[in-house]
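Trainee: The structure is given below, and queries will be raised subsequently.
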Amino acid sequence: MSEPVRVVVTGAAGQIAYSLLYMVAKGDVFGPNQPVILHLLDIPPMMGVVQGVVMELSDCALPLLRGVVPTADPDVAFKDVDAAFLVGAMPRKEGMERKDLLAANVGIFKVQGQAIERNAKRTIKVLVVGNPANTNALVCSKYAPSIPKENFTAMTRLDQNRATAHIAERLNVSCADVSKVIIWGNHSSTQFPDVRHASATVNGAKVSVSEAIKDDEYLKTQFVEKIQKRGAAVIAARKLSSAMSAAKAASDHMKDWWQGSANWVSMGVISDGSYGVPADVVFSFPVTCSDKKWTIVQGLEIDEYARGKLDITAKELIEEREEALAVCQDSNL
Ligand code: NAD
């Protein structure tokens, strides 16, 4: 067995963390032979709840779990960590403007970026889940300048999993039989779920999803909208946002980054200008992962329809970035 890896989960008293901590502690993410020490960060009023989570983790009697560090101090939370799941964020409250929500969250991710800069290993892998995830990841990386920008990513894997499962259900095959579904852009309702390069194994034969579904109009319109609005549909039904599925997606994202991906996966990563996307936004691209690094899949055709979709979501990310950076400057946070 190797030395334990230190893994921080923020928002540790929240609902996503409640599912995610168990997945990490039982070896789903870093491997069945990799011990872990969990750092649990939340805000001071939630420390009682965090203590309950610590008790439950202990009561799970998990062989790979070698320690738990509950704290409300970001400097303690990020000390020597190898991997970070930044889940904790301010939820949108009734009557709250989008701008107010962005401002509250920019503050959180700036403070955490600074704590990462002071305390974390330079090789830290950061996955931002808390919304607005893409822009939070960008802000966080800006305040941790000695750590490569490539080490900050945002989660669009839930959208990829939703889209993959939807296609699988429609074709009556397993999710494992559907591959290369892409999410482009922002984790928001402007995202572009794209199955133009996806394939499925149906009755033993591998075919394109387009051939299998035989309804391109549906794939370009209703399907796209369904995935864009799936988060809202879950909230309407559960009166709470996606949590079990968000935790599973966070686990999938970090596992593929850490252990290597078997196929294309979608991750929000710092744009290098690929596919005509502006640089310096965290944009979801199809990537492959090996040696704990991601690489954007190159050479895919972007037709006029796709170009329009990519431009809409890129425009939103630029607006978010400008608003976020203005908040940082205005308030001297
Ligand atoms: P939750 O409200 O149940 O938990 C959030 C936790 O974060 C709370 O315990 C809160 O006290 C904590 N928190 C707030 N500020 C903090 C800070 N400064 N430091 C540490 N912890 C802090 O919410 P949840 O359902 O677990 O969701 C968490 C976030 O994930 C939300 O922003 C949600 O919108 C987002 N989300 C993202 C995706 C995605 O696909 N990217 C999917 C679902 C949810």
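Labels for the structure tokens follow display order: chains A, B, ..., residues from 1 in each chain, ligands from 1.
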Counting only C-alpha atoms and all ligand atoms, which residues of chain A fall within 6 Å of ligand 1, and what is the closest atom pair for each with its distance in Å at one decimal, ordered by chain and rising number, as a tab-separated table?
Mentor:
```
residue	atom	partner	partner_atom_place_in_ligand_line	distance
A:Thr10	CA	ligand 1	20 (C)	4.8
A:Gly11	CA	ligand 1	7 (O)	3.2
A:Ala12	CA	ligand 1	9 (O)	5.8
A:Ala13	CA	ligand 1	9 (O)	4.1
A:Gly14	CA	ligand 1	4 (O)	3.2
A:Gln15	CA	ligand 1	3 (O)	4.0
A:Ile16	CA	ligand 1	26 (O)	3.8
A:Ala17	CA	ligand 1	26 (O)	5.8
A:Leu41	CA	ligand 1	20 (C)	5.2
A:Asp42	CA	ligand 1	21 (N)	3.6
A:Ile43	CA	ligand 1	21 (N)	5.2
A:Met46	CA	ligand 1	11 (O)	5.8
A:Val87	CA	ligand 1	28 (C)	5.0
A:Gly88	CA	ligand 1	7 (O)	3.2
A:Ala89	CA	ligand 1	14 (C)	4.5
A:Met90	CA	ligand 1	14 (C)	5.1
A:Pro91	CA	ligand 1	32 (O)	5.5
A:Ile108	CA	ligand 1	18 (N)	4.9
A:Val129	CA	ligand 1	41 (N)	4.2
A:Gly130	CA	ligand 1	32 (O)	3.6
A:Asn131	CA	ligand 1	32 (O)	4.1
A:Ala133	CA	ligand 1	41 (N)	5.6
A:Met155	CA	ligand 1	41 (N)	4.6
A:Thr156	CA	ligand 1	40 (O)	5.5
A:Leu158	CA	ligand 1	40 (O)	5.1
A:Ser241	CA	ligand 1	25 (O)	5.5
A:Ser242	CA	ligand 1	43 (C)	5.0
A:Ala243	CA	ligand 1	25 (O)	5.4
A:Ala246	CA	ligand 1	42 (C)	4.9
```
Trainee: Quick one: residues within 12 Å of Leu57 of chain A, only C-alpha atoms, excluding same-chain residues fewer than 2 positions away - as a PyMOL selection string?
Mentor: chain A and resi 12+17-26+37-38+40+50-55+59-70
Trainee: Could you tell me which of A:Arg170, A:Lys149, A:Lys293, A:Lys315 comes closest to Tyr218 of chain A if we count only C-alpha atoms?
Mentor: A:Arg170
Trainee: Need to verify the contact set: Glu316 of chain A, 12 Å, only C-alpha atoms, exclusion of same-chain residues closer than 6 positions in sequence. Can you return it as a CSV table (one decimal) with all heavy atoms, in the first residue's frame?
Mentor:
```csv
chain,number,residue,atom,x,y,z
A,132,PRO,N,-21.3,29.3,-9.7
A,132,PRO,CA,-21.1,29.0,-11.1
A,132,PRO,C,-19.7,28.3,-11.3
A,132,PRO,O,-18.6,29.0,-11.2
A,132,PRO,CB,-21.1,30.3,-11.9
A,132,PRO,CG,-20.8,31.3,-10.8
A,132,PRO,CD,-21.1,30.8,-9.5
A,134,ASN,N,-17.6,27.0,-13.6
A,134,ASN,CA,-16.5,27.3,-14.5
A,134,ASN,C,-15.8,28.6,-14.1
A,134,ASN,O,-14.6,28.7,-14.1
A,134,ASN,CB,-17.1,27.5,-16.0
A,134,ASN,CG,-17.7,26.3,-16.5
A,134,ASN,OD1,-18.6,25.7,-15.9
A,134,ASN,ND2,-17.3,25.9,-17.7
A,135,THR,N,-16.6,29.6,-13.8
A,135,THR,CA,-16.0,30.9,-13.4
A,135,THR,C,-15.4,30.8,-12.0
A,135,THR,O,-14.3,31.4,-11.8
A,135,THR,CB,-17.1,32.0,-13.5
A,135,THR,OG1,-17.5,32.0,-14.9
A,135,THR,CG2,-16.6,33.4,-13.1
A,185,GLY,N,-18.7,24.0,-23.2
A,185,GLY,CA,-19.0,25.3,-22.7
A,185,GLY,C,-19.2,25.4,-21.2
A,185,GLY,O,-18.5,24.7,-20.4
A,186,ASN,N,-20.3,26.1,-20.8
A,186,ASN,CA,-20.5,26.4,-19.4
A,186,ASN,C,-21.4,25.4,-18.8
A,186,ASN,O,-22.3,24.8,-19.5
A,186,ASN,CB,-21.2,27.8,-19.4
A,186,ASN,CG,-21.1,28.5,-18.0
A,186,ASN,OD1,-20.4,27.9,-17.1
A,186,ASN,ND2,-21.7,29.6,-17.9
A,187,HIS,N,-21.2,25.1,-17.5
A,187,HIS,CA,-22.2,24.3,-16.8
A,187,HIS,C,-23.4,25.2,-16.4
A,187,HIS,O,-23.5,25.7,-15.3
A,187,HIS,CB,-21.6,23.7,-15.5
A,187,HIS,CG,-22.6,23.0,-14.6
A,187,HIS,ND1,-23.3,21.9,-15.0
A,187,HIS,CD2,-23.1,23.4,-13.4
A,187,HIS,CE1,-24.2,21.6,-14.1
A,187,HIS,NE2,-24.1,22.5,-13.1
A,188,SER,N,-24.2,25.4,-17.4
A,188,SER,CA,-25.4,26.3,-17.2
A,188,SER,C,-26.3,25.9,-18.4
A,188,SER,O,-26.1,25.0,-19.2
A,188,SER,CB,-25.0,27.8,-17.4
A,188,SER,OG,-24.8,28.1,-18.7
A,189,SER,N,-27.4,26.7,-18.5
A,189,SER,CA,-28.4,26.3,-19.5
A,189,SER,C,-27.9,26.7,-20.9
A,189,SER,O,-28.6,26.4,-21.9
A,189,SER,CB,-29.7,27.0,-19.2
A,189,SER,OG,-29.6,28.4,-19.1
A,190,THR,N,-26.7,27.3,-21.0
A,190,THR,CA,-26.2,27.6,-22.4
A,190,THR,C,-25.3,26.5,-22.9
A,190,THR,O,-24.7,26.5,-24.0
A,190,THR,CB,-25.4,28.9,-22.5
A,190,THR,OG1,-24.2,28.8,-21.7
A,190,THR,CG2,-26.2,30.1,-22.0
A,191,GLN,N,-25.0,25.5,-22.0
A,191,GLN,CA,-24.1,24.4,-22.4
A,191,GLN,C,-24.6,23.7,-23.7
A,191,GLN,O,-25.8,23.8,-24.0
A,191,GLN,CB,-24.1,23.3,-21.3
A,191,GLN,CG,-25.5,22.6,-21.2
A,191,GLN,CD,-25.5,21.5,-20.2
A,191,GLN,OE1,-25.3,20.3,-20.6
A,191,GLN,NE2,-25.6,21.8,-18.9
A,277,VAL,N,-12.6,28.9,-29.4
A,277,VAL,CA,-13.1,29.4,-28.1
A,277,VAL,C,-12.1,30.4,-27.5
A,277,VAL,O,-10.9,30.2,-27.6
A,277,VAL,CB,-13.2,28.2,-27.1
A,277,VAL,CG1,-13.5,28.6,-25.7
A,277,VAL,CG2,-14.2,27.2,-27.6
A,278,PRO,N,-12.6,31.5,-27.0
A,278,PRO,CA,-11.7,32.5,-26.5
A,278,PRO,C,-10.8,31.9,-25.4
A,278,PRO,O,-11.2,31.1,-24.6
A,278,PRO,CB,-12.6,33.6,-25.9
A,278,PRO,CG,-14.0,33.2,-26.1
A,278,PRO,CD,-14.0,31.9,-26.9
A,281,VAL,N,-10.9,31.5,-20.4
A,281,VAL,CA,-12.2,31.1,-19.7
A,281,VAL,C,-12.1,29.6,-19.5
A,281,VAL,O,-11.3,28.9,-20.2
A,281,VAL,CB,-13.4,31.4,-20.6
A,281,VAL,CG1,-13.7,32.9,-20.7
A,281,VAL,CG2,-13.4,30.7,-21.9
A,282,VAL,N,-12.8,29.1,-18.4
A,282,VAL,CA,-12.8,27.7,-18.2
A,282,VAL,C,-14.0,27.1,-18.9
A,282,VAL,O,-15.2,27.5,-18.6
A,282,VAL,CB,-12.9,27.4,-16.6
A,282,VAL,CG1,-13.1,25.9,-16.4
A,282,VAL,CG2,-11.5,27.8,-16.0
A,283,PHE,N,-13.7,26.4,-20.0
A,283,PHE,CA,-14.7,25.9,-21.0
A,283,PHE,C,-14.7,24.4,-21.0
A,283,PHE,O,-13.7,23.8,-20.9
A,283,PHE,CB,-14.2,26.5,-22.3
A,283,PHE,CG,-15.3,26.5,-23.4
A,283,PHE,CD1,-16.1,27.6,-23.7
A,283,PHE,CD2,-15.4,25.3,-24.2
A,283,PHE,CE1,-17.0,27.5,-24.7
A,283,PHE,CE2,-16.3,25.3,-25.2
A,283,PHE,CZ,-17.1,26.4,-25.5
A,309,LYS,N,-23.8,27.3,-31.3
A,309,LYS,CA,-24.0,26.8,-29.9
A,309,LYS,C,-22.7,27.2,-29.1
A,309,LYS,O,-22.8,27.6,-27.9
A,309,LYS,CB,-24.2,25.3,-29.9
A,309,LYS,CG,-25.5,24.9,-30.5
A,309,LYS,CD,-26.6,25.0,-29.6
A,309,LYS,CE,-27.9,24.5,-30.2
A,309,LYS,NZ,-29.1,25.3,-29.7
A,310,LEU,N,-21.5,26.9,-29.7
A,310,LEU,CA,-20.3,27.2,-29.0
A,310,LEU,C,-20.1,28.7,-28.7
A,310,LEU,O,-19.7,29.1,-27.6
A,310,LEU,CB,-19.1,26.7,-29.8
A,310,LEU,CG,-18.5,25.4,-29.4
A,310,LEU,CD1,-19.4,24.2,-29.6
A,310,LEU,CD2,-17.2,25.1,-30.1
A,322,GLU,N,-16.0,38.7,-16.7
A,322,GLU,CA,-15.8,40.2,-16.5
A,322,GLU,C,-16.5,40.6,-15.2
A,322,GLU,O,-16.0,41.4,-14.5
A,322,GLU,CB,-16.4,40.9,-17.7
A,322,GLU,CG,-15.7,40.6,-19.0
A,322,GLU,CD,-14.2,40.6,-18.9
A,322,GLU,OE1,-13.6,41.5,-18.4
A,322,GLU,OE2,-13.5,39.6,-19.4
A,323,GLU,N,-17.7,40.0,-15.0
A,323,GLU,CA,-18.4,40.4,-13.7
A,323,GLU,C,-17.6,39.9,-12.5
A,323,GLU,O,-17.5,40.7,-11.5
A,323,GLU,CB,-19.8,39.7,-13.7
A,323,GLU,CG,-20.9,40.3,-14.5
A,323,GLU,CD,-22.2,39.5,-14.5
A,323,GLU,OE1,-22.5,39.0,-13.4
A,323,GLU,OE2,-22.8,39.5,-15.5
```
Trainee: Just asking: which residues within segment 69-120 of chain A are strand (DSSP E) according to DSSP, as a PyMOL selection string?
Mentor: chain A and resi 69-71+83-86
Trainee: Give me, please, the distance in Å between atom CA of Lys292 of chain A and atom CA of Trp264 of chain A, quoted to one decimal.
Mentor: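 Interatomic distance, atom CA of Lys292 of chain A to atom CA of Trp264 of chain A: 14.6 Å.
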Trainee: So, counting only C-alpha atoms, which residue among A:Phe30, A:Trp257, A:Phe192, A:Tyr275 is closest to Thr313 of chain A?
Mentor: A:Phe192
Trainee: Find the spatial neighbours of Val202 of chain A, counting only C-alpha atoms, within a cut-off of 8 Å - ignore same-chain residues fewer than 6 positions away - and output them as a PyMOL selection string.
Mentor: chain A and resi 171+173+177+212
Trainee: Export N, CA, C and O atoms of the chosen residues as a PDB file, in the first residue's frame?
Mentor:
```
ATOM      1  N   LEU A 171     -32.287   4.163 -26.545  1.00  0.00           N
ATOM      2  CA  LEU A 171     -31.909   3.039 -27.403  1.00  0.00           C
ATOM      3  C   LEU A 171     -32.066   1.682 -26.706  1.00  0.00           C
ATOM      4  O   LEU A 171     -31.770   0.638 -27.294  1.00  0.00           O
ATOM      5  N   VAL A 173     -30.214   0.437 -24.347  1.00  0.00           N
ATOM      6  CA  VAL A 173     -28.918  -0.226 -24.145  1.00  0.00           C
ATOM      7  C   VAL A 173     -28.339   0.267 -22.818  1.00  0.00           C
ATOM      8  O   VAL A 173     -28.877   1.185 -22.193  1.00  0.00           O
ATOM      9  N   ASP A 177     -22.638   1.194 -23.208  1.00  0.00           N
ATOM     10  CA  ASP A 177     -22.651   1.000 -24.668  1.00  0.00           C
ATOM     11  C   ASP A 177     -22.686   2.320 -25.442  1.00  0.00           C
ATOM     12  O   ASP A 177     -22.739   2.307 -26.676  1.00  0.00           O
ATOM     13  N   ALA A 212     -28.471   5.528 -35.045  1.00  0.00           N
ATOM     14  CA  ALA A 212     -29.285   4.692 -34.159  1.00  0.00           C
ATOM     15  C   ALA A 212     -30.600   5.381 -33.800  1.00  0.00           C
ATOM     16  O   ALA A 212     -31.654   4.755 -33.775  1.00  0.00           O
TER      17      ALA A 212
END
```
Trainee: Quick one: everything within 12 Å of Cys328 of chain A, counting only C-alpha atoms, minus sequence neighbours fewer than 5 positions away in the same chain. Send it as number ranges by chain.
Mentor: A: 102-111, 136, 139-140, 142-143, 321-323, 333
Trainee: Please produce an output containing C-alpha atoms for each residue in the selection, written as a PDB file, in the first residue's frame.
Mentor:
```pdb
ATOM      1  CA  LEU A 102     -21.777  35.549  -8.297  1.00  0.00           C
ATOM      2  CA  ALA A 103     -20.319  38.135  -5.900  1.00  0.00           C
ATOM      3  CA  ALA A 104     -20.797  35.865  -2.857  1.00  0.00           C
ATOM      4  CA  ASN A 105     -19.192  32.942  -4.618  1.00  0.00           C
ATOM      5  CA  VAL A 106     -16.304  34.890  -6.109  1.00  0.00           C
ATOM      6  CA  GLY A 107     -15.382  35.814  -2.511  1.00  0.00           C
ATOM      7  CA  ILE A 108     -15.384  32.154  -1.428  1.00  0.00           C
ATOM      8  CA  PHE A 109     -13.264  30.969  -4.362  1.00  0.00           C
ATOM      9  CA  LYS A 110     -10.791  33.812  -4.052  1.00  0.00           C
ATOM     10  CA  VAL A 111     -10.159  32.955  -0.383  1.00  0.00           C
ATOM     11  CA  ASN A 136     -15.329  29.837  -9.792  1.00  0.00           C
ATOM     12  CA  VAL A 139     -11.173  32.827 -10.057  1.00  0.00           C
ATOM     13  CA  CYS A 140      -9.632  30.169  -7.821  1.00  0.00           C
ATOM     14  CA  LYS A 142      -6.066  33.339 -10.546  1.00  0.00           C
ATOM     15  CA  TYR A 143      -5.444  33.509  -6.783  1.00  0.00           C
ATOM     16  CA  ARG A 321     -15.530  36.380 -16.101  1.00  0.00           C
ATOM     17  CA  GLU A 322     -15.834  40.154 -16.512  1.00  0.00           C
ATOM     18  CA  GLU A 323     -18.426  40.365 -13.718  1.00  0.00           C
ATOM     19  CA  LEU A 333     -11.677  41.108  -1.449  1.00  0.00           C
TER      20      LEU A 333
END
```
